[in-house]
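Participant: target03.txt is reproduced in full below (compact mmCIF, C-alpha atoms).
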# COMPACT_ATOMS: atom_id res chain seq x y z
CA MET A 690 0.00 0.00 0.00
CA THR A 691 1.38 3.38 -1.02
CA PRO A 692 1.69 5.82 1.90
CA THR A 693 -0.71 8.77 1.80
CA ARG A 694 0.77 12.11 0.78
CA LEU A 695 1.48 14.22 3.85
CA PRO A 696 -0.77 17.27 4.29
CA GLY A 697 0.74 20.72 3.87
CA PRO A 698 0.50 22.08 7.44
CA ILE A 699 2.52 19.30 9.05
CA THR A 700 5.21 19.54 6.38
CA TRP A 701 5.53 23.33 6.73
CA LEU A 702 5.78 22.86 10.49
CA ALA A 703 8.87 20.73 9.83
CA VAL A 704 10.44 23.63 7.88
CA PHE A 705 9.64 26.08 10.67
CA LEU A 706 11.11 23.83 13.38
CA ALA A 707 14.18 22.92 11.30
CA VAL A 708 14.93 26.63 10.89
CA ALA A 709 14.16 27.28 14.58
CA GLN A 710 16.78 24.79 15.74
CA VAL A 711 19.34 26.49 13.48
CA LEU A 712 18.51 29.96 14.80
CA ALA A 713 18.29 29.01 18.48
CA PRO A 714 22.10 29.15 19.07
CA VAL A 715 21.99 32.84 18.16
CA VAL A 716 20.52 33.49 21.63
CA PRO A 717 23.49 32.38 23.78
CA PHE A 718 26.09 33.49 21.27
CA SER A 719 24.54 36.96 21.31
CA GLY A 720 25.35 37.24 24.98
CA PHE A 721 21.99 36.19 26.40
CA GLY A 722 22.84 33.40 28.82
CA ALA A 723 25.61 30.81 28.74
CA SER A 724 26.84 29.11 25.59
CA PRO A 725 26.50 25.29 25.53
CA ASN A 726 30.19 24.72 26.32
CA GLU A 727 29.98 27.14 29.27
CA SER A 728 26.87 25.57 30.77
CA THR A 729 28.13 21.97 30.84
CA THR A 730 30.57 20.29 33.21
CA ASP A 731 33.95 19.29 31.80
CA LEU A 732 34.33 15.53 32.25
CA LEU A 733 36.86 12.80 31.56
CA ILE A 734 34.46 11.37 28.94
CA THR A 735 33.67 14.65 27.16
CA PRO A 736 34.47 14.51 23.41
CA ALA A 737 36.94 16.95 21.89
CA GLY A 738 35.41 20.26 20.89
CA TYR A 739 35.73 19.71 17.15
CA THR A 740 33.27 16.79 17.26
CA PHE A 741 30.42 19.21 17.97
CA SER A 742 30.84 20.60 14.45
CA ILE A 743 28.57 17.73 13.43
CA TRP A 744 25.67 20.01 14.37
CA SER A 745 26.38 21.92 11.16
CA LEU A 746 25.70 18.74 9.18
CA ILE A 747 22.57 18.00 11.23
CA TYR A 748 21.24 21.52 10.64
CA LEU A 749 21.92 21.34 6.91
CA LEU A 750 20.35 17.90 6.50
CA SER A 751 17.33 18.95 8.59
CA ILE A 752 16.55 21.90 6.33
CA VAL A 753 17.13 19.88 3.14
CA PHE A 754 14.87 17.13 4.49
CA ALA A 755 12.11 19.53 5.57
CA VAL A 756 12.07 21.34 2.21
CA ALA A 757 12.04 18.00 0.37
CA VAL A 758 9.09 16.80 2.45
CA VAL A 759 7.12 19.96 1.59
CA TRP A 760 7.97 19.42 -2.08
CA LYS A 761 7.24 15.69 -2.29
CA GLY A 762 4.71 15.22 0.52
CA SER A 763 6.65 12.13 1.59
CA THR A 764 9.56 11.07 3.78
CA GLY A 765 10.54 8.09 1.63
CA THR A 766 9.40 5.69 4.38
CA ASP A 767 6.38 3.47 4.93
CA ASP A 768 5.14 5.55 7.90
CA PRO A 769 5.76 9.14 6.81
CA ARG A 770 3.53 10.88 9.35
CA ARG A 771 5.04 9.19 12.39
CA LEU A 772 8.60 9.68 11.18
CA LEU A 773 7.93 13.35 10.45
CA ILE A 774 6.43 13.88 13.91
CA ASP A 775 9.46 12.17 15.47
CA LEU A 776 11.79 14.53 13.64
CA GLU A 777 9.68 17.56 14.48
CA VAL A 778 9.96 16.61 18.15
CA ALA A 779 13.74 16.43 17.68
CA PHE A 780 13.90 19.78 15.88
CA ALA A 781 11.81 21.47 18.56
CA GLY A 782 13.81 19.75 21.29
CA ALA A 783 17.11 20.95 19.84
CA ALA A 784 15.87 24.56 19.92
CA VAL A 785 14.53 24.20 23.47
CA TRP A 786 17.74 22.50 24.60
CA ILE A 787 19.80 25.50 23.49
CA LEU A 788 17.52 27.86 25.42
CA VAL A 789 17.46 25.86 28.67
CA SER A 790 21.21 25.35 28.36
CA ALA A 791 21.64 29.12 28.06
CA ALA A 792 19.53 29.49 31.20
CA GLU A 793 21.82 26.91 32.89
CA TRP A 794 18.95 24.70 34.01
CA THR A 795 21.24 21.77 34.73
CA TRP A 796 18.70 18.98 35.08
CA VAL A 797 16.33 20.16 32.34
CA THR A 798 18.83 19.79 29.49
CA PRO A 799 19.24 16.00 29.86
CA LEU A 800 15.47 15.61 30.16
CA VAL A 801 14.98 17.46 26.86
CA LEU A 802 17.66 15.33 25.23
CA THR A 803 16.05 12.17 26.55
CA VAL A 804 12.78 13.07 24.82
CA MET A 805 14.70 13.86 21.64
CA THR A 806 16.59 10.56 21.79
CA VAL A 807 13.43 8.49 22.25
CA ALA A 808 11.82 10.22 19.26
CA LEU A 809 14.93 9.83 17.11
CA LEU A 810 15.35 6.15 17.91
CA ASP A 811 11.73 5.60 16.90
CA ALA A 812 12.48 7.50 13.68
CA ALA A 813 15.50 5.21 13.14
CA ARG A 814 13.30 2.16 13.49
CA ILE A 815 10.94 3.51 10.82
CA ALA A 816 13.67 4.74 8.48
CA ALA A 817 15.35 1.32 8.54
CA ARG A 818 12.21 -0.43 7.29
CA PRO A 819 11.48 -0.95 3.57
CA ALA A 820 11.30 2.35 1.74
CA ASP A 821 8.25 3.94 0.14
CA GLY A 822 8.59 2.69 -3.43
CA SER A 823 6.66 5.66 -4.80
CA ALA A 824 9.14 8.18 -3.37
CA PRO A 825 12.38 9.12 -5.14
CA ARG A 826 15.43 7.23 -3.93
CA TRP A 827 17.29 10.42 -3.10
CA LEU A 828 14.58 11.37 -0.60
CA THR A 829 14.86 8.01 1.15
CA ALA A 830 18.65 8.45 1.22
CA VAL A 831 18.40 11.96 2.72
CA THR A 832 15.97 10.69 5.36
CA ARG A 833 18.14 7.75 6.32
CA ILE A 834 21.31 9.83 6.53
CA LEU A 835 19.63 12.54 8.62
CA VAL A 836 17.98 10.08 10.96
CA GLY A 837 21.14 7.99 11.31
CA VAL A 838 23.36 10.97 12.12
CA TYR A 839 20.85 12.70 14.38
CA ALA A 840 19.85 9.57 16.31
CA ALA A 841 23.48 8.57 16.88
CA TRP A 842 24.54 12.01 18.04
CA ALA A 843 21.54 12.14 20.39
CA THR A 844 22.51 8.71 21.75
CA ALA A 845 25.96 10.02 22.63
CA ALA A 846 24.74 13.44 23.77
CA VAL A 847 22.05 12.20 26.15
CA PHE A 848 24.58 10.21 28.17
CA GLN A 849 26.99 13.13 28.13
CA ASN A 850 24.30 15.50 29.37
CA TRP A 851 23.18 13.24 32.19
CA ALA A 852 26.83 12.79 33.16
CA ALA A 853 27.35 16.57 33.09
CA ALA A 854 24.35 17.08 35.38
CA ILE A 855 25.61 14.41 37.76
CA GLY A 856 29.11 15.88 37.71
CA ALA A 857 27.76 19.35 38.43
CA ASP A 858 25.68 18.47 41.51
CA LEU A 859 26.12 14.88 42.70
CA ALA A 860 29.54 13.42 41.88
CA ASP A 861 33.18 14.41 41.45
CA PRO A 862 33.72 15.37 37.77
CA ARG A 863 37.32 14.11 38.04
CA SER A 864 36.33 10.72 39.46
CA LEU A 865 36.74 7.95 36.89
CA GLY A 866 34.51 5.10 38.08
CA TRP A 867 31.04 6.53 37.59
CA GLN A 868 32.03 8.14 34.28
CA LEU A 869 33.25 4.80 32.93
CA ALA A 870 29.86 3.33 33.88
CA VAL A 871 28.10 6.07 31.89
CA LEU A 872 30.42 5.54 28.92
CA LEU A 873 29.82 1.79 28.98
CA ALA A 874 26.06 2.33 29.14
CA CYS A 875 26.29 4.59 26.08
CA ALA A 876 28.36 1.95 24.28
CA VAL A 877 25.84 -0.80 25.06
CA VAL A 878 22.87 1.24 23.85
CA GLY A 879 24.74 2.35 20.73
CA LEU A 880 25.75 -1.22 19.88
CA ALA A 881 22.20 -2.49 20.46
CA VAL A 882 20.73 0.11 18.11
CA THR A 883 23.47 -0.57 15.56
CA ALA A 884 22.60 -4.27 15.64
CA VAL A 885 18.99 -3.40 14.76
CA VAL A 886 19.36 -0.61 12.18
CA GLY A 887 23.06 -0.23 11.41
CA SER A 888 23.10 -2.18 8.15
CA VAL A 889 20.61 0.30 6.65
CA LEU A 890 21.33 3.46 8.62
CA VAL A 891 25.10 3.24 8.25
CA ALA A 892 25.31 6.87 9.33
CA TYR A 893 24.30 5.73 12.82
CA PRO A 894 27.44 3.69 13.66
CA LEU A 895 29.64 6.12 11.71
CA THR A 896 28.41 9.04 13.81
CA LEU A 897 28.91 7.11 17.03
CA ILE A 898 32.45 6.34 15.91
CA TRP A 899 32.96 10.08 15.36
CA ALA A 900 31.82 10.75 18.94
CA PHE A 901 34.01 8.03 20.46
CA VAL A 902 37.05 9.19 18.48
CA GLY A 903 36.46 12.63 19.99
CA ILE A 904 36.40 11.06 23.45
CA ILE A 905 39.72 9.34 22.75
CA VAL A 906 41.29 12.60 21.56
CA ASN A 907 40.19 14.39 24.72
CA ALA A 908 41.11 11.58 27.11
CA GLN A 909 44.61 10.89 25.75
CA GLY A 910 47.19 11.56 28.41
CA GLU A 911 44.49 11.76 31.11
CA THR A 912 43.02 8.29 31.48
CA THR A 913 43.87 5.11 29.59
CA ALA A 914 40.68 3.45 30.84
CA VAL A 915 38.46 5.90 28.94
CA VAL A 916 40.65 5.57 25.85
CA GLY A 917 40.44 1.78 26.09
CA VAL A 918 36.64 1.68 26.45
CA ALA A 919 36.16 4.17 23.61
CA ALA A 920 38.57 2.31 21.31
CA GLY A 921 36.93 -1.03 22.14
CA THR A 922 33.51 0.44 21.36
CA ILE A 923 34.71 1.68 17.98
CA VAL A 924 35.99 -1.78 17.09
CA ALA A 925 32.73 -3.35 18.31
CA LEU A 926 30.67 -0.91 16.20
CA ILE A 927 32.66 -1.76 13.07
CA VAL A 928 32.44 -5.51 13.68
CA THR A 929 28.72 -5.38 14.52
CA THR A 930 27.83 -3.35 11.44
CA ALA A 931 29.86 -5.60 9.16
CA ALA A 932 28.52 -8.79 10.73
CA ILE A 933 24.82 -7.94 10.50
CA THR A 934 25.25 -6.74 6.93
CA VAL A 935 27.00 -9.96 5.87
CA LEU A 936 24.55 -12.20 7.75
CA ARG A 937 21.52 -10.62 6.14
CA ARG A 938 23.02 -10.79 2.68
CA ARG A 939 23.86 -14.46 3.15
CA ALA A 940 20.34 -15.14 4.40
CA GLY A 941 18.94 -13.38 1.36
CA THR A 942 16.98 -10.97 3.57
CA PRO A 943 16.77 -7.35 2.48
CA ALA A 944 18.79 -5.27 4.92
CA SER A 945 16.02 -2.70 5.11
CA ALA A 946 13.60 -5.20 6.67
CA GLU A 947 15.31 -5.48 10.01
CA ALA A 948 13.16 -3.02 11.91
CA ARG A 949 9.77 -4.43 10.98
Turn this file's structure into structure tokens for me.
Facilitator:
Amino acid sequence: MTPTRLPGPITWLAVFLAVAQVLAPVVPFSGFGASPNESTTDLLITPAGYTFSIWSLIYLLSIVFAVAVVWKGSTGTDDPRRLLIDLEVAFAGAAVWILVSAAEWTWVTPLVLTVMTVALLDAARIAARPADGSAPRWLTAVTRILVGVYAAWATAAVFQNWAAAIGADLADPRSLGWQLAVLLACAVVGLAVTAVVGSVLVAYPLTLIWAFVGIIVNAQGETTAVVGVAAGTIVALIVTTAAITVLRRRAGTPASAEAR
């Protein structure tokens, strides 16, 4: 059954929210409140600053996706309305996160990111299913890349934000034990999601690798344990992605069917 064309209002809302998340950082960088790097606690598991440049890619893909959805009335997936709502929640959440971060509401930022992560992982599940055959392939590709990158970065960011809140109020930000536990939890979740959608949404494991490389760069010379866990996770992500792709091909099962 061909998915119904999305109505205009919900597609234009996606454009509005995609632009809103791009414009939101203007608030702290204009001097109103703290910038994101000022409002978070520096931890042993914090990625190097350059890794956060991935937001530029997320912003660009979000706008391209939103405009394409208005144009085509489709997301290139078999559940376009739900996927679009998931992404609209993420877009809105990204804008709100910047504002609450600027206000330095320590425990609100991880809550916002948790909502975003749940929505984005649901979007990943949908995007990894068989594509809408009536939609152009490029639209499906844009959707899968955006969802893969965004969901992976949210997976890494939500653990970082909860750790930053804990380090600010409850635990020593220079203590290694609890931070390793958070890093391992992030690795387990990332590997589990990769096992489900990684052979279709290759951008998901690739973005997680980007985040963990950033952690290694920042932790070098400070703690070998963090470097070891991050490096091990990168290897596990590569092996998991390769293994599930090969297994599905050998079984003759389309890789895009894994999330049904």
Participant: Please, which residues are within 10 Å of (16.9, 15.1, 26.2) by the file's coordinates, counting all atoms listed in the file, and could they come as a ChimeraX atom specification?
Facilitator: /A:779,782-783,785-786,796-808,843-844,846-848,850-851
Participant: Tell me which protein, DNA and RNA residues are within 9 Å of Ala830 (chain A), counting all atoms listed in the file, leaving out same-chain ones fewer than 5 positions away, and put them as a ChimeraX atom specification.
Facilitator: /A:765,825,835
Participant: Which residue gives the smallest distance to Leu810 (chain A) among A:Ala900, A:Ala703, A:Val885, A:Leu695, with all atoms listed in the file counted?
Facilitator: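 Ranking A:Ala900, A:Ala703, A:Val885, A:Leu695 by distance to Leu810 (chain A), first place goes to A:Val885.
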Participant: Can you work out which one of A:Leu895, A:Phe705, A:Cys875, A:Thr766 has the shortest atom-to-atom distance to Asp821 (chain A), counting only C-alpha atoms?
Facilitator: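 When distances to Asp821 (chain A) are compared using only C-alpha atoms, the smallest one comes from A:Thr766.
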Participant: In Å, how far is it from CA of Ala845 (chain A) to CA of Thr829 (chain A)?
Facilitator: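 It comes out at 24.3 Å.
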Participant: Could you tell me how far CA of Leu897 (chain A) lies from CA of Phe780 (chain A), in Å and to one decimal?
Facilitator: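 Distance reported for this atom pair: 19.7 Å.
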Participant: So that I can check the surroundings of region 913-917 of chain A, please list as a PyMOL selection string every protein, DNA and RNA residue that reaches within 12 Å of it, counting only C-alpha atoms and ignoring chain neighbours fewer than 2 positions away.
Facilitator: chain A and resi 732-736+864-873+876+901-911+919-924
Participant: Return the single residue from A:Leu773, A:Ala709, A:Val886, A:Ala853 that is closest to Phe754 (chain A), with distances computed using all atoms listed in the file.
Facilitator: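 So, comparing all the options, the nearest one is A:Leu773.
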Participant: Working from the structure I just supplied, which lacks atoms in region 693-708 of chain A, can you model N, CA and C atoms there and output them as an mmCIF file, in the coordinates of the input?
Facilitator:
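The resulting file, selection.cif, is shown below:
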data_model
loop_
_atom_site.group_PDB
_atom_site.id
_atom_site.type_symbol
_atom_site.label_atom_id
_atom_site.label_comp_id
_atom_site.auth_asym_id
_atom_site.auth_seq_id
_atom_site.Cartn_x
_atom_site.Cartn_y
_atom_site.Cartn_z
ATOM 1 N N THR A 693 0.028 7.570 2.174
ATOM 2 C CA THR A 693 -0.710 8.770 1.800
ATOM 3 C C THR A 693 0.210 9.978 1.794
ATOM 4 N N ARG A 694 -0.028 10.879 0.839
ATOM 5 C CA ARG A 694 0.770 12.110 0.780
ATOM 6 C C ARG A 694 0.520 12.931 2.033
ATOM 7 N N LEU A 695 1.589 13.438 2.621
ATOM 8 C CA LEU A 695 1.480 14.220 3.850
ATOM 9 C C LEU A 695 0.785 15.547 3.575
ATOM 10 N N PRO A 696 -0.104 15.984 4.480
ATOM 11 C CA PRO A 696 -0.770 17.270 4.290
ATOM 12 C C PRO A 696 0.189 18.439 4.472
ATOM 13 N N GLY A 697 -0.128 19.558 3.851
ATOM 14 C CA GLY A 697 0.740 20.720 3.870
ATOM 15 C C GLY A 697 1.110 21.261 5.231
ATOM 16 N N PRO A 698 0.155 21.455 6.150
ATOM 17 C CA PRO A 698 0.500 22.080 7.440
ATOM 18 C C PRO A 698 1.589 21.358 8.220
ATOM 19 N N ILE A 699 1.532 20.037 8.260
ATOM 20 C CA ILE A 699 2.520 19.300 9.050
ATOM 21 C C ILE A 699 3.895 19.353 8.376
ATOM 22 N N THR A 700 3.919 19.455 7.069
ATOM 23 C CA THR A 700 5.210 19.540 6.380
ATOM 24 C C THR A 700 5.831 20.925 6.559
ATOM 25 N N TRP A 701 5.005 21.978 6.511
ATOM 26 C CA TRP A 701 5.530 23.330 6.730
ATOM 27 C C TRP A 701 5.981 23.524 8.168
ATOM 28 N N LEU A 702 5.336 22.812 9.095
ATOM 29 C CA LEU A 702 5.780 22.860 10.490
ATOM 30 C C LEU A 702 7.210 22.325 10.602
ATOM 31 N N ALA A 703 7.509 21.288 9.819
ATOM 32 C CA ALA A 703 8.870 20.730 9.830
ATOM 33 C C ALA A 703 9.886 21.765 9.373
ATOM 34 N N VAL A 704 9.536 22.565 8.351
ATOM 35 C CA VAL A 704 10.440 23.630 7.880
ATOM 36 C C VAL A 704 10.653 24.660 8.982
ATOM 37 N N PHE A 705 9.550 25.083 9.603
ATOM 38 C CA PHE A 705 9.640 26.080 10.670
ATOM 39 C C PHE A 705 10.534 25.604 11.805
ATOM 40 N N LEU A 706 10.341 24.351 12.247
ATOM 41 C CA LEU A 706 11.110 23.830 13.380
ATOM 42 C C LEU A 706 12.566 23.555 13.001
ATOM 43 N N ALA A 707 12.798 23.129 11.754
ATOM 44 C CA ALA A 707 14.180 22.920 11.300
ATOM 45 C C ALA A 707 14.941 24.231 11.308
ATOM 46 N N VAL A 708 14.294 25.306 10.873
ATOM 47 C CA VAL A 708 14.930 26.630 10.890
ATOM 48 C C VAL A 708 15.095 27.116 12.332
#
